[in-house]
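What follows is the content of my_file-v4.cif, which has mmCIF, C-alpha atoms:
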```
data_upload
#
loop_
_atom_site.label_atom_id
_atom_site.label_comp_id
_atom_site.auth_asym_id
_atom_site.auth_seq_id
_atom_site.Cartn_x
_atom_site.Cartn_y
_atom_site.Cartn_z
CA MET X 25 -0.92 40.20 -104.97
CA ASP X 26 -3.23 37.23 -105.29
CA GLU X 27 -1.73 33.93 -106.24
CA VAL X 28 -2.36 32.77 -109.79
CA ARG X 29 -3.48 29.15 -109.97
CA LEU X 30 -3.86 26.84 -112.94
CA ILE X 31 -7.06 24.85 -113.36
CA GLN X 32 -6.85 21.89 -115.75
CA ILE X 33 -9.85 21.57 -118.05
CA ALA X 34 -9.02 19.56 -121.20
CA GLU X 35 -12.58 19.74 -122.49
CA ASP X 36 -13.60 19.62 -126.13
CA ILE X 37 -15.72 22.60 -127.16
CA HIS X 38 -17.72 20.35 -129.47
CA ALA X 39 -18.21 17.62 -126.84
CA ASP X 40 -21.88 18.49 -126.20
CA ASN X 41 -22.68 18.50 -129.90
CA ASP X 42 -20.78 15.27 -130.52
CA LEU X 43 -22.75 13.64 -127.72
CA ALA X 44 -26.06 14.87 -129.17
CA ALA X 45 -24.98 13.64 -132.63
CA ARG X 46 -24.16 10.16 -131.29
CA ALA X 47 -27.48 10.00 -129.45
CA LEU X 48 -29.30 10.96 -132.65
CA ARG X 49 -27.48 8.30 -134.72
CA SER X 50 -28.41 5.66 -132.21
CA ARG X 51 -32.05 6.78 -132.37
CA LEU X 52 -31.97 6.72 -136.20
CA ASP X 53 -30.66 3.17 -136.00
CA ASP X 54 -33.61 2.17 -133.80
CA GLU X 55 -36.23 4.03 -135.80
CA LYS X 56 -34.75 3.00 -139.16
CA VAL X 57 -34.35 6.43 -140.74
CA PHE X 58 -31.42 7.12 -143.08
CA LEU X 59 -30.37 10.73 -142.45
CA VAL X 60 -28.27 12.57 -145.05
CA ASN X 61 -26.61 15.94 -144.43
CA LEU X 62 -26.42 17.90 -147.71
CA MET X 63 -24.04 20.85 -147.70
CA SER X 64 -22.86 23.38 -150.28
CA ALA X 65 -22.35 27.05 -151.04
CA PRO X 66 -25.45 29.17 -151.73
CA GLY X 67 -26.78 28.77 -155.24
CA SER X 68 -25.13 25.44 -156.04
CA GLY X 69 -28.49 23.75 -156.56
CA LYS X 70 -29.24 21.97 -153.28
CA THR X 71 -33.02 22.27 -153.46
CA ARG X 72 -33.21 21.27 -157.12
CA THR X 73 -30.88 18.33 -156.57
CA ILE X 74 -33.03 17.13 -153.67
CA LEU X 75 -36.21 17.35 -155.76
CA ARG X 76 -34.61 15.50 -158.72
CA THR X 77 -33.22 12.80 -156.44
CA ILE X 78 -36.54 12.25 -154.71
CA ALA X 79 -38.37 12.11 -158.06
CA GLU X 80 -35.94 9.36 -159.10
CA LEU X 81 -36.39 7.26 -155.94
CA GLN X 82 -39.85 7.96 -154.57
CA ALA X 83 -41.29 4.72 -155.95
CA SER X 84 -39.09 2.72 -153.57
CA LEU X 85 -38.20 5.05 -150.67
CA ARG X 86 -40.23 7.56 -148.62
CA PHE X 87 -38.47 10.90 -148.25
CA GLY X 88 -38.62 13.81 -145.83
CA VAL X 89 -36.62 17.03 -145.93
CA ILE X 90 -35.31 19.35 -143.22
CA GLU X 91 -34.69 22.79 -144.65
CA ALA X 92 -32.30 25.09 -142.83
CA ASP X 93 -32.26 28.75 -143.62
CA ILE X 94 -31.05 31.70 -141.70
CA ASP X 95 -34.37 33.47 -142.01
CA SER X 96 -36.69 32.43 -144.84
CA LYS X 97 -39.04 29.66 -145.97
CA VAL X 98 -38.43 29.79 -149.72
CA ASP X 99 -36.81 26.35 -150.00
CA ALA X 100 -39.23 24.58 -147.64
CA GLU X 101 -42.15 25.91 -149.67
CA ALA X 102 -40.58 24.69 -152.91
CA VAL X 103 -40.16 21.20 -151.45
CA ALA X 104 -43.61 21.08 -149.83
CA ALA X 105 -45.16 22.17 -153.14
CA GLU X 106 -43.94 18.83 -154.56
CA GLY X 107 -45.92 16.99 -151.89
CA ILE X 108 -42.85 16.01 -149.85
CA SER X 109 -42.82 16.10 -146.03
CA ALA X 110 -40.74 19.14 -145.20
CA VAL X 111 -39.89 20.99 -142.04
CA GLN X 112 -38.26 24.39 -141.90
CA ILE X 113 -35.66 25.32 -139.30
CA ASN X 114 -34.69 28.95 -139.17
CA THR X 115 -31.27 29.06 -137.59
CA GLY X 116 -31.78 32.59 -136.30
CA GLY X 117 -28.53 33.87 -137.74
CA PHE X 118 -26.46 30.73 -137.18
CA CYS X 119 -24.33 29.77 -140.14
CA HIS X 120 -24.85 26.01 -139.75
CA LEU X 121 -27.04 23.32 -138.17
CA ASP X 122 -25.95 21.33 -135.14
CA ALA X 123 -27.23 18.00 -133.82
CA THR X 124 -29.70 19.58 -131.39
CA MET X 125 -31.34 21.68 -134.10
CA VAL X 126 -31.59 18.64 -136.39
CA THR X 127 -33.12 16.55 -133.59
CA GLN X 128 -35.77 19.25 -133.07
CA GLY X 129 -36.44 19.25 -136.83
CA LEU X 130 -36.83 15.45 -136.92
CA ASP X 131 -39.28 15.61 -134.01
CA GLN X 132 -41.64 17.56 -136.28
CA LEU X 133 -41.66 14.83 -138.95
CA GLU X 134 -43.61 11.56 -138.83
CA LEU X 135 -40.52 9.35 -138.82
CA ALA X 136 -42.52 6.13 -138.87
CA ASP X 137 -43.69 7.09 -142.37
CA LEU X 138 -40.22 7.95 -143.70
CA ASP X 139 -37.16 5.99 -144.86
CA VAL X 140 -34.77 8.78 -145.82
CA VAL X 141 -34.52 12.32 -144.45
CA VAL X 142 -32.32 14.85 -146.25
CA ILE X 143 -31.03 17.88 -144.35
CA GLU X 144 -30.57 20.87 -146.62
CA ASN X 145 -27.93 22.65 -144.54
CA VAL X 146 -27.30 26.41 -144.58
CA GLY X 147 -25.56 27.50 -147.80
CA ASN X 148 -21.98 27.78 -146.61
CA LEU X 149 -18.81 25.74 -147.27
CA VAL X 150 -17.09 26.68 -144.01
CA CYS X 151 -19.11 26.27 -140.82
CA PRO X 152 -21.35 23.24 -141.55
CA ALA X 153 -18.19 21.16 -142.07
CA GLU X 154 -17.27 21.56 -138.40
CA PHE X 155 -20.52 20.37 -136.83
CA ASP X 156 -21.67 16.76 -136.67
CA THR X 157 -25.44 16.86 -137.26
CA GLY X 158 -25.95 13.20 -136.41
CA ALA X 159 -26.43 12.30 -140.09
CA ILE X 160 -25.45 8.84 -141.33
CA LYS X 161 -23.84 10.24 -144.51
CA LYS X 162 -22.45 13.65 -145.42
CA VAL X 163 -22.87 14.80 -149.00
CA MET X 164 -21.68 18.04 -150.57
CA ILE X 165 -22.40 19.77 -153.85
CA LEU X 166 -19.88 21.79 -155.82
CA SER X 167 -21.37 23.41 -158.91
CA VAL X 168 -19.32 24.01 -162.04
CA PRO X 169 -19.63 27.84 -161.97
CA GLU X 170 -17.97 27.89 -158.53
CA GLY X 171 -14.70 26.68 -160.05
CA ASP X 172 -12.36 23.69 -159.70
CA ASP X 173 -10.16 25.46 -157.10
CA LYS X 174 -12.64 25.21 -154.21
CA PRO X 175 -10.94 22.20 -152.54
CA LEU X 176 -7.95 24.50 -151.99
CA LYS X 177 -10.08 27.12 -150.25
CA TYR X 178 -12.37 24.88 -148.20
CA PRO X 179 -10.31 21.75 -147.47
CA LEU X 180 -12.23 20.74 -144.35
CA MET X 181 -15.57 20.44 -146.18
CA PHE X 182 -14.04 18.22 -148.88
CA SER X 183 -12.27 16.17 -146.18
CA VAL X 184 -15.33 15.31 -144.10
CA CYS X 185 -17.84 14.35 -146.82
CA ASP X 186 -18.67 10.82 -148.02
CA VAL X 187 -19.93 12.03 -151.39
CA LEU X 188 -19.21 14.94 -153.72
CA LEU X 189 -21.85 15.85 -156.29
CA VAL X 190 -20.45 18.02 -159.08
CA ASN X 191 -23.60 19.81 -160.20
CA LYS X 192 -24.42 21.95 -163.26
CA ILE X 193 -22.28 19.91 -165.66
CA ASP X 194 -24.46 21.42 -168.40
CA TYR X 195 -22.30 24.55 -167.85
CA LEU X 196 -19.03 22.72 -168.53
CA GLU X 197 -18.82 23.77 -172.17
CA LEU X 198 -19.05 27.44 -171.20
CA SER X 199 -16.35 27.31 -168.54
CA ASP X 200 -12.69 26.49 -168.02
CA PHE X 201 -13.59 24.11 -165.19
CA ASP X 202 -11.10 21.22 -165.23
CA MET X 203 -12.88 18.07 -164.00
CA GLN X 204 -9.70 15.99 -163.92
CA LYS X 205 -7.92 18.60 -161.83
CA LEU X 206 -10.88 18.83 -159.48
CA ARG X 207 -10.91 15.05 -158.99
CA GLU X 208 -7.17 15.02 -158.24
CA ARG X 209 -7.47 17.86 -155.71
CA VAL X 210 -10.42 16.26 -153.96
CA ARG X 211 -8.84 12.79 -153.80
CA LYS X 212 -5.73 14.25 -152.19
CA LEU X 213 -7.90 15.59 -149.38
CA ASN X 214 -10.20 12.58 -149.18
CA PRO X 215 -9.16 9.37 -150.96
CA GLU X 216 -12.39 7.53 -150.06
CA ILE X 217 -14.90 10.10 -151.31
CA GLU X 218 -17.46 9.07 -153.97
CA ILE X 219 -17.71 11.59 -156.81
CA PHE X 220 -20.76 11.89 -159.10
CA GLU X 221 -21.07 14.36 -161.99
CA LEU X 222 -24.62 15.51 -162.68
CA SER X 223 -26.99 18.23 -163.77
CA ALA X 224 -30.04 18.59 -161.56
CA LYS X 225 -31.49 20.78 -164.29
CA THR X 226 -31.27 18.36 -167.23
CA GLY X 227 -31.25 15.19 -165.13
CA GLN X 228 -27.99 13.96 -166.65
CA GLY X 229 -26.03 11.81 -164.18
CA VAL X 230 -28.74 11.95 -161.48
CA GLY X 231 -29.43 8.22 -161.91
CA GLU X 232 -25.95 7.10 -160.82
CA TRP X 233 -26.03 9.27 -157.69
CA ALA X 234 -29.58 8.19 -156.90
CA GLY X 235 -28.50 4.57 -157.33
CA TRP X 236 -25.73 5.01 -154.78
CA LEU X 237 -28.11 6.70 -152.31
CA SER X 238 -30.71 3.99 -152.77
CA ARG X 239 -28.17 1.17 -152.17
CA GLU X 240 -26.74 2.87 -149.06
CA ALA X 241 -30.18 3.66 -147.63
CA LYS X 242 -31.53 0.15 -148.24
CA SER X 243 -28.47 -1.46 -146.73
CA PHE X 244 -28.91 0.76 -143.63
CA LEU X 245 -32.64 0.06 -143.44
CA GLY X 246 -32.06 -3.65 -143.95
CA CYS X 247 -34.37 -4.01 -146.94
CA MET N 22 -17.93 32.57 -138.97
CA HIS N 23 -19.49 30.83 -135.98
CA GLU N 24 -17.12 32.48 -133.51
CA LEU N 25 -20.05 33.61 -131.38
CA GLN N 26 -21.34 30.10 -130.73
CA VAL N 27 -17.87 28.71 -130.09
CA THR N 28 -17.03 31.61 -127.79
CA SER N 29 -20.18 31.07 -125.82
CA ARG N 30 -19.20 27.39 -125.30
CA ILE N 31 -15.71 28.45 -124.13
CA LEU N 32 -17.25 30.83 -121.59
CA ASP N 33 -19.68 28.16 -120.33
CA ILE N 34 -16.88 25.63 -119.89
CA ALA N 35 -14.59 28.13 -118.11
CA LEU N 36 -17.31 29.30 -115.71
CA ARG N 37 -18.35 25.73 -114.94
CA HIS N 38 -14.77 24.80 -114.03
CA ALA N 39 -14.34 27.98 -111.95
CA ASP N 40 -17.35 27.03 -109.89
CA GLY N 41 -16.34 25.61 -106.51
CA HIS N 42 -12.66 26.61 -106.80
CA GLN N 43 -12.87 29.95 -104.91
CA VAL N 44 -12.05 31.85 -108.09
CA SER N 45 -12.32 35.63 -107.91
CA ARG N 46 -11.23 36.19 -111.50
CA ILE N 47 -10.26 34.19 -114.59
CA ALA N 48 -7.12 35.76 -116.09
CA VAL N 49 -6.16 33.57 -119.05
CA ILE N 50 -7.93 30.72 -120.85
CA HIS N 51 -5.65 28.45 -122.86
CA LEU N 52 -7.20 26.97 -126.00
CA ARG N 53 -5.87 24.44 -128.49
CA ILE N 54 -7.44 24.91 -131.91
CA GLY N 55 -6.59 22.84 -134.98
CA ALA N 56 -5.05 24.63 -137.96
CA LEU N 57 -7.94 23.44 -140.16
CA SER N 58 -10.35 25.69 -138.28
CA ASP N 59 -11.21 28.93 -139.98
CA LEU N 60 -11.90 30.77 -136.73
CA GLU N 61 -10.15 34.11 -136.37
CA ASP N 62 -8.28 34.68 -133.11
CA GLU N 63 -9.13 38.36 -133.04
CA TRP N 64 -12.87 37.76 -133.41
CA LEU N 65 -12.89 35.02 -130.79
CA GLN N 66 -11.42 37.51 -128.33
CA ARG N 67 -13.83 40.28 -129.34
CA TYR N 68 -16.89 38.06 -128.94
CA PHE N 69 -15.49 36.73 -125.70
CA ASP N 70 -15.03 40.25 -124.32
CA TYR N 71 -18.64 40.98 -125.20
CA LEU N 72 -20.13 37.77 -123.76
CA SER N 73 -18.04 37.69 -120.60
CA ARG N 74 -19.03 41.12 -119.29
CA GLY N 75 -20.15 40.92 -115.68
CA THR N 76 -18.84 37.35 -115.24
CA LEU N 77 -15.72 35.99 -113.51
CA ALA N 78 -14.11 35.81 -116.95
CA GLU N 79 -14.49 39.50 -117.75
CA LYS N 80 -11.24 40.81 -119.24
CA ALA N 81 -9.77 37.31 -119.48
CA ARG N 82 -7.33 36.76 -122.32
CA LEU N 83 -7.75 33.86 -124.74
CA ALA N 84 -4.35 32.28 -125.37
CA ILE N 85 -4.74 30.25 -128.55
CA GLU N 86 -2.30 27.55 -129.54
CA ARG N 87 -2.78 26.38 -133.13
CA MET N 88 -2.36 22.62 -133.43
CA PRO N 89 -0.66 21.38 -136.61
CA ILE N 90 -2.40 19.36 -139.30
CA VAL N 91 -1.06 15.80 -139.06
CA VAL N 92 -1.79 13.05 -141.57
CA ARG N 93 -0.83 9.37 -141.74
CA CYS N 94 0.30 7.64 -144.92
CA ASP N 95 -1.93 4.74 -146.02
CA GLY N 96 1.12 3.03 -147.52
CA CYS N 97 3.76 3.02 -144.78
CA SER N 98 1.77 4.39 -141.77
CA ARG N 99 4.23 7.23 -141.26
CA SER N 100 2.69 10.34 -139.63
CA PHE N 101 3.79 13.80 -140.70
CA GLU N 102 2.74 17.43 -140.52
CA VAL N 103 1.26 19.30 -143.48
CA GLU N 104 0.73 23.01 -143.97
CA LYS N 105 -2.86 23.94 -144.89
CA PRO N 106 -2.00 25.38 -148.36
CA ALA N 107 -0.12 22.15 -149.23
CA LEU N 108 -3.05 19.85 -148.41
CA ASP N 109 -3.98 19.24 -152.03
CA ALA N 110 -0.50 18.01 -152.96
CA VAL N 111 0.36 15.75 -150.05
CA ALA N 112 2.96 13.04 -150.63
CA CYS N 113 4.53 10.93 -147.88
CA PRO N 114 8.12 12.02 -147.17
CA GLY N 115 8.94 8.38 -146.40
CA CYS N 116 7.58 6.34 -149.30
CA GLY N 117 6.17 9.03 -151.60
CA GLY N 118 2.66 7.55 -151.27
CA PRO N 119 -0.17 9.95 -152.17
CA ARG N 120 -2.97 8.56 -149.95
CA CYS N 121 -3.15 9.86 -146.38
CA GLN N 122 -5.70 10.06 -143.58
CA LEU N 123 -6.20 13.11 -141.38
CA ILE N 124 -5.06 12.39 -137.81
CA SER N 125 -5.32 15.83 -136.22
CA GLY N 126 -5.88 19.46 -137.10
CA ARG N 127 -9.57 19.76 -136.19
CA GLU N 128 -9.21 20.17 -132.40
CA TYR N 129 -11.26 22.62 -130.33
CA VAL N 130 -10.09 22.13 -126.78
CA VAL N 131 -10.23 24.30 -123.69
CA ALA N 132 -6.90 23.12 -122.20
CA ASN N 133 -6.66 24.97 -118.88
CA MET N 134 -7.02 28.41 -117.32
CA GLU N 135 -5.10 30.72 -115.04
CA VAL N 136 -7.27 32.02 -112.23
CA VAL N 137 -6.86 34.31 -109.26
#
```
Whole structure, structure tokens version:
Amino acid sequence: MDEVRLIQIAEDIHADNDLAARALRSRLDDEKVFLVNLMSAPGSGKTRTILRTIAELQASLRFGVIEADIDSKVDAEAVAAEGISAVQINTGGFCHLDATMVTQGLDQLELADLDVVVIENVGNLVCPAEFDTGAIKKVMILSVPEGDDKPLKYPLMFSVCDVLLVNKIDYLELSDFDMQKLRERVRKLNPEIEIFELSAKTGQGVGEWAGWLSREAKSFLGC
Amino acid sequence: MHELQVTSRILDIALRHADGHQVSRIAVIHLRIGALSDLEDEWLQRYFDYLSRGTLAEKARLAIERMPIVVRCDGCSRSFEVEKPALDAVACPGCGGPRCQLISGREYVVANMEVV
């Protein structure tokens, strides 16, 4: 019988990605690009929110978008049709973006001509929460039709984000969504999170969120 | 849902550490995974069995230890464990304070492995 030996490893599975994310943040600092990772479930209005936000801020900030999709170009085409610099990353079946994929996406954009790049992550409230993309800020959308109980089901996503956008508030009248309850649940998981209520469709509330983004971006860019 | 990618990283790490240690076979790989992770133990093993075919880690067992979710109270700095379903109603057992910061529960660590 061969002797069984123990080999100590103590290595973090995400160490490579965390390293790539730190390297990317340091590069963004040098190149003065404010990178935002936008995450949500499918159908919560990521693309529309991005377009509304850019329309609000494009007089003062230059935007680019990285679109992640498992295997389509629908969102990238919608963004490019508005005349915005967009690059599409097909994740080839992956359920999320990691720092290496985002770095490859950024390499395809003219960063010298951009101030803010928004990553539209794969529609999924589970996996993207676990991977640091190298973004400066993490933002998530929860839309009213998804329900106010989602913080209970996807606690990690609500815990890691800097901002929660509650989208589709034009649906509030039709639903039993309890905004107060949602706020309490989210704050328990993440006391520091900024919460904005908006409708990307009607434009209601977009100004406050865009104001926050503009202040954060300009403070990062030093302008 | 991203078990395949995580499993592939586990295999890479195990094979890299086996290299140069006269290992003929990796029997058990011990992992420490935080309770906040949604990864399923059964699927990790299934993907691992698939990916490890023909390597030193073929037929190795993944021994997964789930690490508790630990938070620290903003008010009195006391650290305590929380069950995942209770995360939305956390209150400090010491001072009753409602604001806490996550200390651990997100780990993904290959701890060690038993080799022959």
Please work out which residues fall within 7 Å of (-4.7, 22.8, -137.4), coordinates as given in the file, with only C-alpha atoms counting, and return them as an NGL selection string. :N and (54-58 or 87-90 or 126-127)
Which residues are close to N:Val131, i.e. within 12 Å by all atoms listed in the file, leaving aside same-chain residues fewer than 5 positions away? Reply as a PyMOL selection string. (chain X and resi 31-39) or (chain N and resi 27-28+30-36+38+49-55+83-86)
Restrict the selected residues to C-alpha atoms and save them as a PDB file, keeping the file's coordinate frame.
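Generated file (result_13.pdb):
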```pdb
ATOM      1  CA  ILE X  31      -7.060  24.850-113.360  1.00  0.00           C
ATOM      2  CA  GLN X  32      -6.850  21.890-115.750  1.00  0.00           C
ATOM      3  CA  ILE X  33      -9.850  21.570-118.050  1.00  0.00           C
ATOM      4  CA  ALA X  34      -9.020  19.560-121.200  1.00  0.00           C
ATOM      5  CA  GLU X  35     -12.580  19.740-122.490  1.00  0.00           C
ATOM      6  CA  ASP X  36     -13.600  19.620-126.130  1.00  0.00           C
ATOM      7  CA  ILE X  37     -15.720  22.600-127.160  1.00  0.00           C
ATOM      8  CA  HIS X  38     -17.720  20.350-129.470  1.00  0.00           C
ATOM      9  CA  ALA X  39     -18.210  17.620-126.840  1.00  0.00           C
TER      10      ALA X  39
ATOM     11  CA  VAL N  27     -17.870  28.710-130.090  1.00  0.00           C
ATOM     12  CA  THR N  28     -17.030  31.610-127.790  1.00  0.00           C
ATOM     13  CA  ARG N  30     -19.200  27.390-125.300  1.00  0.00           C
ATOM     14  CA  ILE N  31     -15.710  28.450-124.130  1.00  0.00           C
ATOM     15  CA  LEU N  32     -17.250  30.830-121.590  1.00  0.00           C
ATOM     16  CA  ASP N  33     -19.680  28.160-120.330  1.00  0.00           C
ATOM     17  CA  ILE N  34     -16.880  25.630-119.890  1.00  0.00           C
ATOM     18  CA  ALA N  35     -14.590  28.130-118.110  1.00  0.00           C
ATOM     19  CA  LEU N  36     -17.310  29.300-115.710  1.00  0.00           C
ATOM     20  CA  HIS N  38     -14.770  24.800-114.030  1.00  0.00           C
ATOM     21  CA  VAL N  49      -6.160  33.570-119.050  1.00  0.00           C
ATOM     22  CA  ILE N  50      -7.930  30.720-120.850  1.00  0.00           C
ATOM     23  CA  HIS N  51      -5.650  28.450-122.860  1.00  0.00           C
ATOM     24  CA  LEU N  52      -7.200  26.970-126.000  1.00  0.00           C
ATOM     25  CA  ARG N  53      -5.870  24.440-128.490  1.00  0.00           C
ATOM     26  CA  ILE N  54      -7.440  24.910-131.910  1.00  0.00           C
ATOM     27  CA  GLY N  55      -6.590  22.840-134.980  1.00  0.00           C
ATOM     28  CA  LEU N  83      -7.750  33.860-124.740  1.00  0.00           C
ATOM     29  CA  ALA N  84      -4.350  32.280-125.370  1.00  0.00           C
ATOM     30  CA  ILE N  85      -4.740  30.250-128.550  1.00  0.00           C
ATOM     31  CA  GLU N  86      -2.300  27.550-129.540  1.00  0.00           C
TER      32      GLU N  86
END
```
Residue nearest N:Phe69 among N:Gln26, N:Arg46, N:Gly41, N:Leu108 (counting all atoms listed in the file): N:Gln26
Kindly give the distance, in Å, that separates atom CA of X:Gly171 and atom CA of X:Ser238, rounded to a single decimal. 28.7 Å
Result set of the PyMOL selection byres ((chain X) within 10 of (chain N)) on the coordinates above, as a ChimeraX atom specification: /X:25-40,117-120,148,150-154,175-180,183-184,208-216
Within 12 Å of (-35.7, 23.7, -131.8), in the coordinates the file gives, what residues turn up when you count all atoms listed in the file, written out as a PyMOL selection string? chain X and resi 92+111-116+121-132
Limited to C-alpha atoms, could you put the picked residues into a file as a PDB file, in the frame of the given file?
```
ATOM      1  CA  ALA X  92     -32.300  25.090-142.830  1.00  0.00           C
ATOM      2  CA  VAL X 111     -39.890  20.990-142.040  1.00  0.00           C
ATOM      3  CA  GLN X 112     -38.260  24.390-141.900  1.00  0.00           C
ATOM      4  CA  ILE X 113     -35.660  25.320-139.300  1.00  0.00           C
ATOM      5  CA  ASN X 114     -34.690  28.950-139.170  1.00  0.00           C
ATOM      6  CA  THR X 115     -31.270  29.060-137.590  1.00  0.00           C
ATOM      7  CA  GLY X 116     -31.780  32.590-136.300  1.00  0.00           C
ATOM      8  CA  LEU X 121     -27.040  23.320-138.170  1.00  0.00           C
ATOM      9  CA  ASP X 122     -25.950  21.330-135.140  1.00  0.00           C
ATOM     10  CA  ALA X 123     -27.230  18.000-133.820  1.00  0.00           C
ATOM     11  CA  THR X 124     -29.700  19.580-131.390  1.00  0.00           C
ATOM     12  CA  MET X 125     -31.340  21.680-134.100  1.00  0.00           C
ATOM     13  CA  VAL X 126     -31.590  18.640-136.390  1.00  0.00           C
ATOM     14  CA  THR X 127     -33.120  16.550-133.590  1.00  0.00           C
ATOM     15  CA  GLN X 128     -35.770  19.250-133.070  1.00  0.00           C
ATOM     16  CA  GLY X 129     -36.440  19.250-136.830  1.00  0.00           C
ATOM     17  CA  LEU X 130     -36.830  15.450-136.920  1.00  0.00           C
ATOM     18  CA  ASP X 131     -39.280  15.610-134.010  1.00  0.00           C
ATOM     19  CA  GLN X 132     -41.640  17.560-136.280  1.00  0.00           C
TER      20      GLN X 132
END
```
Nearest-residue call for X:Gly67, choices X:Leu149, X:Arg239, X:Glu55, X:Glu197, using only C-alpha atoms: X:Leu149
Interatomic distance between atom CA of X:Met181 and atom CA of X:Gln204? 19.2 Å
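In this model, the gap between atom CA of X:Gly235 and atom CA of X:Gln82 comes to 12.2 Å.
Among the candidates X:Asp99, X:Asp139, X:Asp54, X:Glu106, the residue lying nearest to X:Arg86 is X:Asp139 (atoms considered: all atoms listed in the file).
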Give the centre and edge lengths of an axis-aligned box, in Å to one decimal, that holds all listed atoms of stretch 187-197 of chain X with 4 Å on each side, as JSON.
```
{"center_x": -21.6, "center_y": 18.3, "center_z": -161.8, "size_x": 13.6, "size_y": 20.5, "size_z": 28.8}
```
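In terms of minimum interatomic distance to X:Glu170, X:Leu206 ranks closest within X:Val187, X:Leu206, X:Ala105, X:Val230, counting all atoms listed in the file.
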List, as a ChimeraX atom specification, every residue that the PyMOL selection byres ((chain X and resi 138) around 12) selects in the file provided. /X:52,55-59,82,84-89,108-110,130,133-137,139-142,241,245
From the list X:Ile193, X:Leu48, X:Cys247, X:Val146, the nearest residue to X:Thr226 using only C-alpha atoms is X:Ile193
Please produce stretch 26-43 of chain N, completed to N, CA and C atoms, as a compact mmCIF listing (two decimals), in the coordinates of the input.
```txt
# COMPACT_ATOMS: atom_id res chain seq x y z
N GLN N 26 -20.89 31.34 -131.38
CA GLN N 26 -21.34 30.10 -130.73
C GLN N 26 -20.18 29.41 -130.02
N VAL N 27 -19.03 29.36 -130.69
CA VAL N 27 -17.87 28.71 -130.09
C VAL N 27 -17.42 29.47 -128.83
N THR N 28 -17.44 30.81 -128.93
CA THR N 28 -17.03 31.61 -127.79
C THR N 28 -17.95 31.39 -126.60
N SER N 29 -19.22 31.28 -126.89
CA SER N 29 -20.18 31.07 -125.82
C SER N 29 -19.93 29.72 -125.12
N ARG N 30 -19.54 28.69 -125.90
CA ARG N 30 -19.20 27.39 -125.30
C ARG N 30 -17.95 27.51 -124.43
N ILE N 31 -16.95 28.28 -124.91
CA ILE N 31 -15.71 28.45 -124.13
C ILE N 31 -16.04 29.09 -122.79
N LEU N 32 -16.88 30.12 -122.82
CA LEU N 32 -17.25 30.83 -121.59
C LEU N 32 -17.98 29.88 -120.64
N ASP N 33 -18.94 29.11 -121.17
CA ASP N 33 -19.68 28.16 -120.33
C ASP N 33 -18.74 27.19 -119.63
N ILE N 34 -17.80 26.64 -120.43
CA ILE N 34 -16.88 25.63 -119.89
C ILE N 34 -16.01 26.27 -118.81
N ALA N 35 -15.47 27.47 -119.08
CA ALA N 35 -14.59 28.13 -118.11
C ALA N 35 -15.33 28.43 -116.81
N LEU N 36 -16.55 28.95 -116.92
CA LEU N 36 -17.31 29.30 -115.71
C LEU N 36 -17.67 28.06 -114.91
N ARG N 37 -17.99 26.98 -115.63
CA ARG N 37 -18.35 25.73 -114.94
C ARG N 37 -17.16 25.20 -114.15
N HIS N 38 -15.95 25.30 -114.74
CA HIS N 38 -14.77 24.80 -114.03
C HIS N 38 -14.32 25.75 -112.93
N ALA N 39 -14.70 27.03 -113.01
CA ALA N 39 -14.34 27.98 -111.95
C ALA N 39 -15.20 27.74 -110.72
N ASP N 40 -16.39 27.24 -110.97
CA ASP N 40 -17.35 27.03 -109.89
C ASP N 40 -16.78 26.08 -108.83
N GLY N 41 -16.82 26.49 -107.59
CA GLY N 41 -16.34 25.61 -106.51
C GLY N 41 -14.84 25.66 -106.28
N HIS N 42 -14.11 26.51 -106.99
CA HIS N 42 -12.66 26.61 -106.80
C HIS N 42 -12.25 27.95 -106.16
N GLN N 43 -13.16 28.64 -105.51
CA GLN N 43 -12.87 29.95 -104.91
C GLN N 43 -12.13 30.88 -105.89
```
